[in-house]
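*Asks:* One structure follows; several queries about it will come next.
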Amino acid sequence: MPLAPLEVLKKVPLFAHLPEGELTVFAELVRERSYPKGSVILFEDDQGDALYLVAAGQVKVVLIGEDGREVILSVLGEGSFFGEMALIDDEPRSAHVIAMEDSTVLVLRREDFQARLRSSPEVAVGLLRELSRRLRRADEKIGSLVLLDVNGRVADLLLRLAAEEGGERITRKITHHVIAQMIGSSRETVSRTMRDFVERGFIQVTRKDITLTNRSSLEQAARRS
């Protein structure tokens with residue numbers, strides 16, 4: 001079951017710092033939409049006019065080449081958001097967003113968001129903070145793709161995904177194929193790397209999650225130490 005709009009907003013960094021009364025106002029402005037697994041939520045080059053909050057399920061932000069090959073920019077779960085640049089500019093969407101499983105999102109229109117900024121400047125500060133954070137993550141990802149071998153790129157991705165969940169566990173459903181699409185490698189190579197990490201005690205993998213059991217070794221592989 002998807003969370004109630006107010007509970008979703010409390011999980012989103014952009015809104016989490018707002019007082020309850022302000023959150024309630026935003027909760028009344030959002031509209032709920034559901035998407036089955038595999039459906040496209042946003043198309044690249046669509047006109048952007050809203051922010052999307054993930055209330056349930058999981059989605060991927062992807063670029064699709066002319067040959068049909070996908071490059072996954074990010075995988076977003078409950079409490080995440082996408083389309084934030086549409087709150088600021090009138091430019092088209094920069095990537096596709098596709099439901100990886102049955103998903104429910106909350107849609108906040110740009111005009112409603114901007115109208116609330118007049119009485120809630122804290123939201124503007126939060127948006128700038130979040131855009132800055134995402135820009136830093138993009139810089140780190142570019143550096144990883146350019147400077148690290150496959151082992152390093154997998155280690156770096158695992159560290160980033162765990163950090164996004166605030167601990168040592170990754171609970172999002174991330175297959176080896178998805179990891180390969182995120183780091184620019186093959187599924188077979190990723191599978192070998194993940195198996196090696198398990199055998200060396202760097203990570204523990206179950207059907208439900210991935211646990212980082214030796215962070216320092218992963219950081220060394222990702223050249224963070």
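Here's how to read the names in the structure tokens: chain A, B, ... by the order shown, residue numbers from 1 in each chain, ligand numbers from 1 in the order shown.
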Name the residues in contact with Glu164 in chain A at a cut-off of 12 Å, using only C-alpha atoms, excluding same-chain residues fewer than 3 positions from it; report them as a ChimeraX atom specification.
*Replies:* /A:12-13,74-80,133-134,137,157-161,167-172
*Asks:* Considering only C-alpha atoms, return as a ChimeraX atom specification whatever protein or nucleic-acid residues lie within 10 Å of range 36-44 of chain A, sequence-local ones (same chain, fewer than 4 positions apart) excluded.
*Replies:* /A:48,52,57-64,82-83,92-105
*Asks:* Would you export the selected residues with N, CA and C atoms as a PDB file, in the first residue's frame, please?
*Replies:*
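Dumped to again.pdb:
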ATOM      1  N   GLY A  48       8.524  19.695 -19.167  1.00  0.00           N
ATOM      2  CA  GLY A  48       8.473  19.487 -17.720  1.00  0.00           C
ATOM      3  C   GLY A  48       7.592  20.516 -17.039  1.00  0.00           C
ATOM      4  N   TYR A  52       7.730  14.925  -9.120  1.00  0.00           N
ATOM      5  CA  TYR A  52       7.142  13.624  -8.827  1.00  0.00           C
ATOM      6  C   TYR A  52       7.774  13.052  -7.557  1.00  0.00           C
ATOM      7  N   GLY A  57       6.706   1.581  -4.592  1.00  0.00           N
ATOM      8  CA  GLY A  57       7.336   0.982  -5.760  1.00  0.00           C
ATOM      9  C   GLY A  57       8.751   1.477  -5.985  1.00  0.00           C
ATOM     10  N   GLN A  58       9.210   1.336  -7.213  1.00  0.00           N
ATOM     11  CA  GLN A  58      10.589   1.686  -7.565  1.00  0.00           C
ATOM     12  C   GLN A  58      10.637   2.082  -9.036  1.00  0.00           C
ATOM     13  N   VAL A  59      11.387   3.133  -9.338  1.00  0.00           N
ATOM     14  CA  VAL A  59      11.488   3.618 -10.719  1.00  0.00           C
ATOM     15  C   VAL A  59      12.957   3.808 -11.068  1.00  0.00           C
ATOM     16  N   LYS A  60      13.231   3.862 -12.373  1.00  0.00           N
ATOM     17  CA  LYS A  60      14.596   4.122 -12.826  1.00  0.00           C
ATOM     18  C   LYS A  60      14.597   5.317 -13.762  1.00  0.00           C
ATOM     19  N   VAL A  61      15.649   6.118 -13.639  1.00  0.00           N
ATOM     20  CA  VAL A  61      15.865   7.262 -14.515  1.00  0.00           C
ATOM     21  C   VAL A  61      16.901   6.831 -15.540  1.00  0.00           C
ATOM     22  N   VAL A  62      16.553   6.860 -16.825  1.00  0.00           N
ATOM     23  CA  VAL A  62      17.414   6.256 -17.832  1.00  0.00           C
ATOM     24  C   VAL A  62      17.569   7.149 -19.059  1.00  0.00           C
ATOM     25  N   LEU A  63      18.700   6.950 -19.727  1.00  0.00           N
ATOM     26  CA  LEU A  63      18.919   7.470 -21.074  1.00  0.00           C
ATOM     27  C   LEU A  63      18.896   6.269 -22.011  1.00  0.00           C
ATOM     28  N   ILE A  64      18.248   6.404 -23.153  1.00  0.00           N
ATOM     29  CA  ILE A  64      18.128   5.300 -24.104  1.00  0.00           C
ATOM     30  C   ILE A  64      18.762   5.710 -25.425  1.00  0.00           C
ATOM     31  N   PHE A  82      11.776  12.939  -8.324  1.00  0.00           N
ATOM     32  CA  PHE A  82      12.426  13.224  -9.594  1.00  0.00           C
ATOM     33  C   PHE A  82      11.641  14.317 -10.324  1.00  0.00           C
ATOM     34  N   GLY A  83      12.280  14.896 -11.332  1.00  0.00           N
ATOM     35  CA  GLY A  83      11.647  15.974 -12.080  1.00  0.00           C
ATOM     36  C   GLY A  83      11.778  17.328 -11.430  1.00  0.00           C
ATOM     37  N   PRO A  92      12.740  20.943 -21.496  1.00  0.00           N
ATOM     38  CA  PRO A  92      12.185  19.587 -21.585  1.00  0.00           C
ATOM     39  C   PRO A  92      12.852  18.642 -20.596  1.00  0.00           C
ATOM     40  N   ARG A  93      12.215  17.512 -20.361  1.00  0.00           N
ATOM     41  CA  ARG A  93      12.779  16.489 -19.484  1.00  0.00           C
ATOM     42  C   ARG A  93      14.105  15.994 -20.060  1.00  0.00           C
ATOM     43  N   SER A  94      15.051  15.695 -19.173  1.00  0.00           N
ATOM     44  CA  SER A  94      16.393  15.316 -19.617  1.00  0.00           C
ATOM     45  C   SER A  94      16.598  13.811 -19.697  1.00  0.00           C
ATOM     46  N   ALA A  95      15.614  13.011 -19.253  1.00  0.00           N
ATOM     47  CA  ALA A  95      15.749  11.549 -19.273  1.00  0.00           C
ATOM     48  C   ALA A  95      14.367  10.913 -19.186  1.00  0.00           C
ATOM     49  N   HIS A  96      14.316   9.617 -19.513  1.00  0.00           N
ATOM     50  CA  HIS A  96      13.093   8.839 -19.308  1.00  0.00           C
ATOM     51  C   HIS A  96      13.029   8.393 -17.838  1.00  0.00           C
ATOM     52  N   VAL A  97      11.821   8.230 -17.331  1.00  0.00           N
ATOM     53  CA  VAL A  97      11.612   7.609 -16.018  1.00  0.00           C
ATOM     54  C   VAL A  97      10.637   6.461 -16.222  1.00  0.00           C
ATOM     55  N   ILE A  98      11.050   5.248 -15.829  1.00  0.00           N
ATOM     56  CA  ILE A  98      10.284   4.034 -16.090  1.00  0.00           C
ATOM     57  C   ILE A  98      10.032   3.277 -14.781  1.00  0.00           C
ATOM     58  N   ALA A  99       8.822   2.773 -14.608  1.00  0.00           N
ATOM     59  CA  ALA A  99       8.490   1.994 -13.412  1.00  0.00           C
ATOM     60  C   ALA A  99       9.163   0.629 -13.481  1.00  0.00           C
ATOM     61  N   MET A 100       9.962   0.300 -12.465  1.00  0.00           N
ATOM     62  CA  MET A 100      10.616  -0.999 -12.392  1.00  0.00           C
ATOM     63  C   MET A 100       9.698  -2.052 -11.772  1.00  0.00           C
ATOM     64  N   GLU A 101       8.677  -1.595 -11.078  1.00  0.00           N
ATOM     65  CA  GLU A 101       7.638  -2.446 -10.509  1.00  0.00           C
ATOM     66  C   GLU A 101       6.385  -1.590 -10.411  1.00  0.00           C
ATOM     67  N   ASP A 102       5.263  -2.182 -10.070  1.00  0.00           N
ATOM     68  CA  ASP A 102       4.043  -1.374  -9.908  1.00  0.00           C
ATOM     69  C   ASP A 102       4.342  -0.241  -8.933  1.00  0.00           C
ATOM     70  N   SER A 103       4.089   0.986  -9.359  1.00  0.00           N
ATOM     71  CA  SER A 103       4.505   2.139  -8.565  1.00  0.00           C
ATOM     72  C   SER A 103       3.402   3.186  -8.468  1.00  0.00           C
ATOM     73  N   THR A 104       3.430   3.914  -7.366  1.00  0.00           N
ATOM     74  CA  THR A 104       2.515   5.038  -7.148  1.00  0.00           C
ATOM     75  C   THR A 104       3.341   6.289  -6.905  1.00  0.00           C
ATOM     76  N   VAL A 105       3.017   7.358  -7.607  1.00  0.00           N
ATOM     77  CA  VAL A 105       3.740   8.619  -7.430  1.00  0.00           C
ATOM     78  C   VAL A 105       2.751   9.726  -7.108  1.00  0.00           C
TER      79      VAL A 105
END
*Asks:* Report as a list in words all protein, DNA and RNA residues lying within 10 Å of Phe113 in chain A, evaluated on only C-alpha atoms, omitting residues in the same chain fewer than 4 positions from it.
*Replies:*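 That gives Phe26, Leu29, Val30, Ala50, Leu51, Leu87, Ile88, Leu108, Arg109, Leu117, Arg118, Ser120, Val123 and Ala124 of chain A.
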*Asks:* Go ahead and write the selection's residues with C-alpha atoms as a PDB file, in the first residue's frame.
*Replies:*
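Output saved as selection03.pdb:
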ATOM      1  CA  PHE A  26       1.603  20.591   0.251  1.00  0.00           C
ATOM      2  CA  LEU A  29      -1.774  20.037  -3.511  1.00  0.00           C
ATOM      3  CA  VAL A  30      -0.373  16.722  -4.774  1.00  0.00           C
ATOM      4  CA  ALA A  50       5.776  19.017 -12.258  1.00  0.00           C
ATOM      5  CA  LEU A  51       7.730  17.341  -9.473  1.00  0.00           C
ATOM      6  CA  LEU A  87      10.179  23.427 -10.776  1.00  0.00           C
ATOM      7  CA  ILE A  88      12.727  26.013 -11.889  1.00  0.00           C
ATOM      8  CA  LEU A 108       3.105  18.449  -7.563  1.00  0.00           C
ATOM      9  CA  ARG A 109       2.550  20.974 -10.343  1.00  0.00           C
ATOM     10  CA  LEU A 117       7.408  29.564  -2.217  1.00  0.00           C
ATOM     11  CA  ARG A 118       6.083  33.047  -1.448  1.00  0.00           C
ATOM     12  CA  SER A 120       7.630  29.126   2.448  1.00  0.00           C
ATOM     13  CA  VAL A 123      11.352  25.194   0.501  1.00  0.00           C
ATOM     14  CA  ALA A 124      13.455  27.220  -1.943  1.00  0.00           C
TER      15      ALA A 124
END
*Asks:* I'd like to know which residues of range 20-133 of chain A are helix (DSSP H, G or I) (by DSSP, run on the backbone); could you write them as an MDAnalysis selection string?
*Replies:* chainID A and resid 20:29 84:87 110:117 121:133
